[in-house]
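Each remark here refers to the structure printed beneath this line.
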Amino acid sequence: MERTLPYRWDAETNTLWLIDQRALPQKEEWIPVRSAREAARAIKEMVVRGAPAIGVTAAYGMVLAHLAGEDLDEAEKLLAASRPTAVNLFYALEKMRPHKGDLEASLKQAREIWREVEETELAISKNGARVLKGQVLTHCNTGPIATGGYGTAIGAIVEAYRQGRISHVWVDETRPYLQGARLTAWELQKAGVPATLITDNMAAHFMKLGEVDQVIVGVDRMAMNGDFANKIGTYGLAVLAHYHGVSFYPALPLSSVDLSLESGQDIPIEERSAEEVTSIKGVPIAPAGFPARHPAFDVTPHHLITGIVTEKGVFYPPFDEALRNALAQN
Ligand code: MRU
């Protein structure tokens, strides 16, 4: 599959180059990042986004903190405060913590986190492909640009198409940030997978017509009972899928499971600027000053999930038992 990754590490100049995802798909612009402060800003401002990609960027952010001579504890705090919902950010910072003060070890660990993303996503793609057939619907963006690997839900979709299991993908636009329209459509086009863009409010219509066989989405943080946070609109899709008897699968690496949470009720939900709702790419679409809200994620309860796709296989209820067993082997 032709894939564009969200970053590259230039070892000669000690620079992390990030593709500016805010400008895609119209422009491919690369931004140099040379300190943890710049890495945190890039995450916060969505230059780089997607749970696994945020984690890898934070890991390299810690490498850059060593190189730039920043205070390492401050650097970690800055990176941890950049976005609250995706647990991968905290997973990566935890993996980096024992290597504070040792540049070589910290670079090695950052590379290892990136390598783990690639390896787990190959397995997720293969496992996910097995549960897909016919026409699939997906939400937000979960491809290589969101992960640095092969993608989670999109990895499974591309693999299922390659195996001739699916014929077509419905791509939710994903208001308000348009990750589906801008990024998923772009990635599926490059991968040569037949796909059609719809606005989020069209999903029910196509489910009712019998034109959606499964929904597969990514995950920003999953609790031990299977409840999970993902891009705003995922919960609504799960309710629609349940009503129409459509199978619903989250796909994730086990590193996106938060062992400290029994249920999804304590997952922190990022609240972003209301301007992202009242305007599109800087063009106002609502009366000036009109109040708006922008929770960037929602939580889908586990009872709406058919199966959980991971690198260790597809898990069916009871999810808490399956997740506990899989994590115990990790
Ligand atoms: O706000 P974003 O664009 O970072 O949100 C991304 C998502 O919600 C993805 O579905 C999730 O991170 C999984 S990426 C494999």
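Lettering and numbering for the structure tokens are positional, with chains as A, B, ... in the shown order, residues counted from 1 in each chain, and ligands counted from 1 in the shown order.
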
Do you know which residues are within 8 Å of ligand 1 using only C-alpha atoms and all ligand atoms? Can you write them as a PyMOL selection string?
-> chain A and resi 46+48-54+86+139-143+146-147+151-153+177+179+217-220+229-232+251-252+296-297

Based on the selection just made, write C-alpha atoms of those residues as a compact mmCIF listing (two decimals), in the first residue's frame.
```txt
# COMPACT_ATOMS: atom_id res chain seq x y z
CA MET A 46 -3.14 19.23 15.35
CA VAL A 48 0.09 15.75 14.05
CA ARG A 49 -2.96 13.86 15.33
CA GLY A 50 -4.31 10.33 15.75
CA ALA A 51 -3.66 8.39 18.94
CA PRO A 52 -0.57 6.33 17.96
CA ALA A 53 1.03 9.23 16.04
CA ILE A 54 0.65 11.50 19.05
CA ALA A 86 -5.62 9.46 23.68
CA HIS A 139 -15.41 7.40 10.98
CA CYS A 140 -12.55 9.86 11.52
CA ASN A 141 -9.07 8.89 10.29
CA THR A 142 -7.16 5.82 11.42
CA GLY A 143 -4.72 5.30 8.57
CA ALA A 146 -2.72 8.88 12.10
CA THR A 147 -0.32 6.23 13.32
CA GLY A 151 -3.36 2.13 10.40
CA THR A 152 -5.86 0.42 12.68
CA ALA A 153 -9.42 0.47 11.24
CA TYR A 177 -12.57 18.73 12.02
CA GLN A 179 -10.63 14.03 9.36
CA VAL A 217 -13.48 2.65 13.86
CA GLY A 218 -10.33 3.54 15.80
CA VAL A 219 -9.88 4.11 19.52
CA ASP A 220 -8.23 6.84 21.58
CA ALA A 229 -13.39 7.00 23.60
CA ASN A 230 -13.04 7.85 19.95
CA LYS A 231 -13.76 10.80 17.69
CA ILE A 232 -17.02 12.63 18.42
CA ALA A 251 -9.79 -1.64 16.21
CA LEU A 252 -6.82 -0.78 18.44
CA ALA A 296 -13.68 16.29 20.41
CA PHE A 297 -14.44 12.72 21.55
```

Contacts of A:Leu197 at 8 Å or less, counting only C-alpha atoms, minus same-chain residues fewer than 6 places along, as a PyMOL selection string?
-> chain A and resi 170-173+180-181+185

Save out the residues we just selected, N, CA, C and O atoms, as a PDB file, in the first residue's frame.
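Below is the file that was written, again03.pdb:
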```pdb
ATOM      1  N   TRP A 170     -17.790   3.360   3.006  1.00  0.00           N
ATOM      2  CA  TRP A 170     -18.451   4.649   3.257  1.00  0.00           C
ATOM      3  C   TRP A 170     -17.555   5.438   4.209  1.00  0.00           C
ATOM      4  O   TRP A 170     -17.210   4.947   5.291  1.00  0.00           O
ATOM      5  N   VAL A 171     -17.187   6.642   3.807  1.00  0.00           N
ATOM      6  CA  VAL A 171     -16.296   7.477   4.627  1.00  0.00           C
ATOM      7  C   VAL A 171     -17.102   8.612   5.248  1.00  0.00           C
ATOM      8  O   VAL A 171     -17.582   9.500   4.546  1.00  0.00           O
ATOM      9  N   ASP A 172     -17.263   8.567   6.580  1.00  0.00           N
ATOM     10  CA  ASP A 172     -17.932   9.675   7.277  1.00  0.00           C
ATOM     11  C   ASP A 172     -17.056  10.921   7.197  1.00  0.00           C
ATOM     12  O   ASP A 172     -15.864  10.867   7.526  1.00  0.00           O
ATOM     13  N   GLU A 173     -17.662  12.025   6.849  1.00  0.00           N
ATOM     14  CA  GLU A 173     -16.934  13.299   6.764  1.00  0.00           C
ATOM     15  C   GLU A 173     -16.223  13.653   8.091  1.00  0.00           C
ATOM     16  O   GLU A 173     -15.101  14.150   8.104  1.00  0.00           O
ATOM     17  N   GLY A 180     -12.337  12.684   8.209  1.00  0.00           N
ATOM     18  CA  GLY A 180     -12.775  11.696   7.217  1.00  0.00           C
ATOM     19  C   GLY A 180     -12.655  12.247   5.811  1.00  0.00           C
ATOM     20  O   GLY A 180     -12.048  11.627   4.920  1.00  0.00           O
ATOM     21  N   ALA A 181     -13.215  13.440   5.602  1.00  0.00           N
ATOM     22  CA  ALA A 181     -13.211  14.047   4.261  1.00  0.00           C
ATOM     23  C   ALA A 181     -11.794  14.379   3.806  1.00  0.00           C
ATOM     24  O   ALA A 181     -11.422  14.164   2.645  1.00  0.00           O
ATOM     25  N   ALA A 185     -10.411   9.978   3.080  1.00  0.00           N
ATOM     26  CA  ALA A 185     -10.692   9.949   1.638  1.00  0.00           C
ATOM     27  C   ALA A 185      -9.370   9.956   0.855  1.00  0.00           C
ATOM     28  O   ALA A 185      -9.183   9.196  -0.105  1.00  0.00           O
TER      29      ALA A 185
END
```

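Picture a line from atom CA of A:Ala292 to atom CA of A:Glu275; it runs 7.7 Å.
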
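Between A:Pro250 and the candidates A:Pro301, A:Pro144, A:Pro176, A:Pro291, the tightest atom-to-atom separation, counting only C-alpha atoms, involves A:Pro301.
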
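Minimum distance to A:Lys77 across A:Leu5, A:Ile308, A:Ser263, A:Ala58 (counting only C-alpha atoms) occurs at A:Ala58.
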
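Shortest atom-to-atom contact with A:Ile157 among A:Val215, A:Leu103, A:Ala326, A:Glu116: A:Val215, counting only C-alpha atoms.
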
Could you pull the residues within 8 Å of A:Ala68, counting only C-alpha atoms, minus those fewer than 2 positions along the same chain, as a PyMOL selection string?
-> chain A and resi 34-35+64-66+70

Atoms kept (all heavy atoms) for selection, written as an mmCIF file, in the first residue's frame:
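After the write, result-v4.cif holds the following:
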```
data_model
loop_
_atom_site.group_PDB
_atom_site.id
_atom_site.type_symbol
_atom_site.label_atom_id
_atom_site.label_comp_id
_atom_site.auth_asym_id
_atom_site.auth_seq_id
_atom_site.Cartn_x
_atom_site.Cartn_y
_atom_site.Cartn_z
ATOM 1 N N ARG A 34 12.210 20.848 16.747
ATOM 2 C CA ARG A 34 13.563 20.706 17.307
ATOM 3 C C ARG A 34 13.591 20.744 18.828
ATOM 4 O O ARG A 34 14.665 20.767 19.414
ATOM 5 C CB ARG A 34 14.477 21.790 16.733
ATOM 6 C CG ARG A 34 14.638 21.664 15.221
ATOM 7 C CD ARG A 34 15.798 22.469 14.666
ATOM 8 N NE ARG A 34 15.952 22.221 13.245
ATOM 9 C CZ ARG A 34 15.414 22.948 12.268
ATOM 10 N NH1 ARG A 34 14.674 23.996 12.569
ATOM 11 N NH2 ARG A 34 15.607 22.630 10.997
ATOM 12 N N SER A 35 12.430 20.766 19.477
ATOM 13 C CA SER A 35 12.416 20.760 20.944
ATOM 14 C C SER A 35 11.113 20.122 21.420
ATOM 15 O O SER A 35 10.165 19.969 20.641
ATOM 16 C CB SER A 35 12.500 22.199 21.482
ATOM 17 O OG SER A 35 11.341 22.910 21.099
ATOM 18 N N LEU A 64 14.129 15.071 21.774
ATOM 19 C CA LEU A 64 14.501 16.450 21.424
ATOM 20 C C LEU A 64 14.803 17.275 22.680
ATOM 21 O O LEU A 64 15.664 18.159 22.645
ATOM 22 C CB LEU A 64 13.373 17.102 20.609
ATOM 23 C CG LEU A 64 13.219 16.522 19.197
ATOM 24 C CD1 LEU A 64 11.910 16.964 18.565
ATOM 25 C CD2 LEU A 64 14.402 16.942 18.316
ATOM 26 N N ALA A 65 14.093 16.982 23.771
ATOM 27 C CA ALA A 65 14.345 17.705 25.028
ATOM 28 C C ALA A 65 15.793 17.497 25.469
ATOM 29 O O ALA A 65 16.448 18.433 25.932
ATOM 30 C CB ALA A 65 13.381 17.231 26.108
ATOM 31 N N HIS A 66 16.302 16.252 25.302
ATOM 32 C CA HIS A 66 17.712 15.981 25.630
ATOM 33 C C HIS A 66 18.624 16.813 24.728
ATOM 34 O O HIS A 66 19.560 17.454 25.186
ATOM 35 C CB HIS A 66 18.050 14.498 25.401
ATOM 36 C CG HIS A 66 17.478 13.580 26.437
ATOM 37 N ND1 HIS A 66 16.174 13.130 26.394
ATOM 38 C CD2 HIS A 66 18.025 13.031 27.544
ATOM 39 C CE1 HIS A 66 15.961 12.333 27.434
ATOM 40 N NE2 HIS A 66 17.075 12.259 28.147
ATOM 41 N N GLU A 70 16.612 21.022 27.237
ATOM 42 C CA GLU A 70 15.457 21.487 28.011
ATOM 43 C C GLU A 70 15.405 20.733 29.349
ATOM 44 O O GLU A 70 15.945 19.632 29.472
ATOM 45 C CB GLU A 70 14.158 21.216 27.229
ATOM 46 C CG GLU A 70 14.014 22.080 25.974
ATOM 47 C CD GLU A 70 12.851 21.613 25.108
ATOM 48 O OE1 GLU A 70 12.997 20.553 24.461
ATOM 49 O OE2 GLU A 70 11.819 22.287 25.078
#
```

Which of stretch 148-220 of chain A counts as alpha helix (DSSP H) under DSSP, as a PyMOL selection string please?
-> chain A and resi 153-162+179+185-191+203-208

Go ahead and write the selection's residues with N, CA, C and O atoms as a tab-separated table (two decimals), in the first residue's frame.
```tsv
chain	number	residue	atom	x	y	z
A	153	ALA	N	-8.20	0.79	12.02
A	153	ALA	CA	-9.42	0.47	11.24
A	153	ALA	C	-9.11	0.52	9.75
A	153	ALA	O	-9.51	-0.37	8.98
A	154	ILE	N	-8.36	1.52	9.32
A	154	ILE	CA	-8.05	1.63	7.88
A	154	ILE	C	-7.10	0.52	7.45
A	154	ILE	O	-7.22	-0.01	6.33
A	155	GLY	N	-6.20	0.12	8.33
A	155	GLY	CA	-5.32	-1.01	8.02
A	155	GLY	C	-6.16	-2.25	7.69
A	155	GLY	O	-5.92	-2.96	6.71
A	156	ALA	N	-7.18	-2.49	8.55
A	156	ALA	CA	-8.05	-3.66	8.35
A	156	ALA	C	-8.85	-3.52	7.05
A	156	ALA	O	-9.03	-4.50	6.31
A	157	ILE	N	-9.31	-2.32	6.78
A	157	ILE	CA	-10.10	-2.07	5.56
A	157	ILE	C	-9.25	-2.34	4.31
A	157	ILE	O	-9.67	-3.02	3.38
A	158	VAL	N	-8.04	-1.79	4.30
A	158	VAL	CA	-7.17	-1.95	3.12
A	158	VAL	C	-6.83	-3.43	2.92
A	158	VAL	O	-6.86	-3.95	1.80
A	159	GLU	N	-6.56	-4.12	4.01
A	159	GLU	CA	-6.23	-5.54	3.92
A	159	GLU	C	-7.45	-6.35	3.45
A	159	GLU	O	-7.32	-7.25	2.62
A	160	ALA	N	-8.63	-6.00	3.96
A	160	ALA	CA	-9.85	-6.72	3.55
A	160	ALA	C	-10.12	-6.51	2.06
A	160	ALA	O	-10.56	-7.43	1.36
A	161	TYR	N	-9.84	-5.32	1.58
A	161	TYR	CA	-10.04	-5.05	0.14
A	161	TYR	C	-9.02	-5.85	-0.68
A	161	TYR	O	-9.37	-6.46	-1.70
A	162	ARG	N	-7.79	-5.87	-0.19
A	162	ARG	CA	-6.73	-6.61	-0.89
A	162	ARG	C	-7.10	-8.10	-1.00
A	162	ARG	O	-6.84	-8.74	-2.01
A	179	GLN	N	-11.71	15.02	9.57
A	179	GLN	CA	-10.63	14.03	9.36
A	179	GLN	C	-11.02	13.00	8.29
A	179	GLN	O	-10.16	12.49	7.58
A	185	ALA	N	-10.41	9.98	3.08
A	185	ALA	CA	-10.69	9.95	1.64
A	185	ALA	C	-9.37	9.96	0.86
A	185	ALA	O	-9.18	9.20	-0.10
A	186	TRP	N	-8.44	10.78	1.28
A	186	TRP	CA	-7.11	10.90	0.64
A	186	TRP	C	-6.34	9.59	0.72
A	186	TRP	O	-5.78	9.10	-0.26
A	187	GLU	N	-6.35	8.98	1.91
A	187	GLU	CA	-5.58	7.73	2.08
A	187	GLU	C	-6.21	6.57	1.31
A	187	GLU	O	-5.50	5.76	0.70
A	188	LEU	N	-7.54	6.49	1.32
A	188	LEU	CA	-8.18	5.37	0.60
A	188	LEU	C	-8.02	5.54	-0.92
A	188	LEU	O	-7.86	4.57	-1.65
A	189	GLN	N	-8.03	6.78	-1.35
A	189	GLN	CA	-7.82	7.05	-2.78
A	189	GLN	C	-6.42	6.58	-3.19
A	189	GLN	O	-6.24	5.91	-4.20
A	190	LYS	N	-5.44	6.91	-2.35
A	190	LYS	CA	-4.05	6.50	-2.65
A	190	LYS	C	-3.89	4.98	-2.60
A	190	LYS	O	-3.11	4.40	-3.34
A	191	ALA	N	-4.67	4.34	-1.71
A	191	ALA	CA	-4.58	2.89	-1.56
A	191	ALA	C	-5.39	2.16	-2.64
A	191	ALA	O	-5.35	0.93	-2.72
A	203	ALA	N	-25.35	8.42	7.61
A	203	ALA	CA	-25.04	7.01	7.94
A	203	ALA	C	-26.32	6.21	8.18
A	203	ALA	O	-26.46	5.08	7.67
A	204	ALA	N	-27.28	6.78	8.93
A	204	ALA	CA	-28.52	6.04	9.23
A	204	ALA	C	-29.25	5.66	7.95
A	204	ALA	O	-29.75	4.54	7.81
A	205	HIS	N	-29.29	6.58	7.01
A	205	HIS	CA	-29.98	6.35	5.74
A	205	HIS	C	-29.40	5.14	5.01
A	205	HIS	O	-30.14	4.25	4.58
A	206	PHE	N	-28.06	5.09	4.91
A	206	PHE	CA	-27.47	3.97	4.16
A	206	PHE	C	-27.56	2.65	4.96
A	206	PHE	O	-27.65	1.58	4.35
A	207	MET	N	-27.58	2.74	6.28
A	207	MET	CA	-27.79	1.51	7.07
A	207	MET	C	-29.20	0.99	6.81
A	207	MET	O	-29.41	-0.20	6.63
A	208	LYS	N	-30.18	1.89	6.79
A	208	LYS	CA	-31.58	1.49	6.58
A	208	LYS	C	-31.75	0.85	5.20
A	208	LYS	O	-32.54	-0.10	5.03
```

Write down as an NGL selection string the residues belonging to stretch 29-273 of chain A that are assigned strand (DSSP E) by DSSP computed on the backbone.
-> :A and (30-33 or 134-138 or 166-172 or 195-198 or 214-217 or 221-222 or 228-231 or 247-250)

Give me, as a tab-separated table (two decimals) with C-alpha atoms, in the first residue's frame, all polymer residues having an atom no more than 7 Å from A:Trp30, counting only C-alpha atoms and skipping those fewer than 5 positions away in the same chain.
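Once written, part08.tsv looks like this:
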```tsv
chain	number	residue	atom	x	y	z
A	17	TRP	CA	9.85	16.49	10.50
A	18	LEU	CA	6.05	16.45	10.74
A	19	ILE	CA	3.72	16.64	7.77
A	20	ASP	CA	1.23	19.41	8.53
```
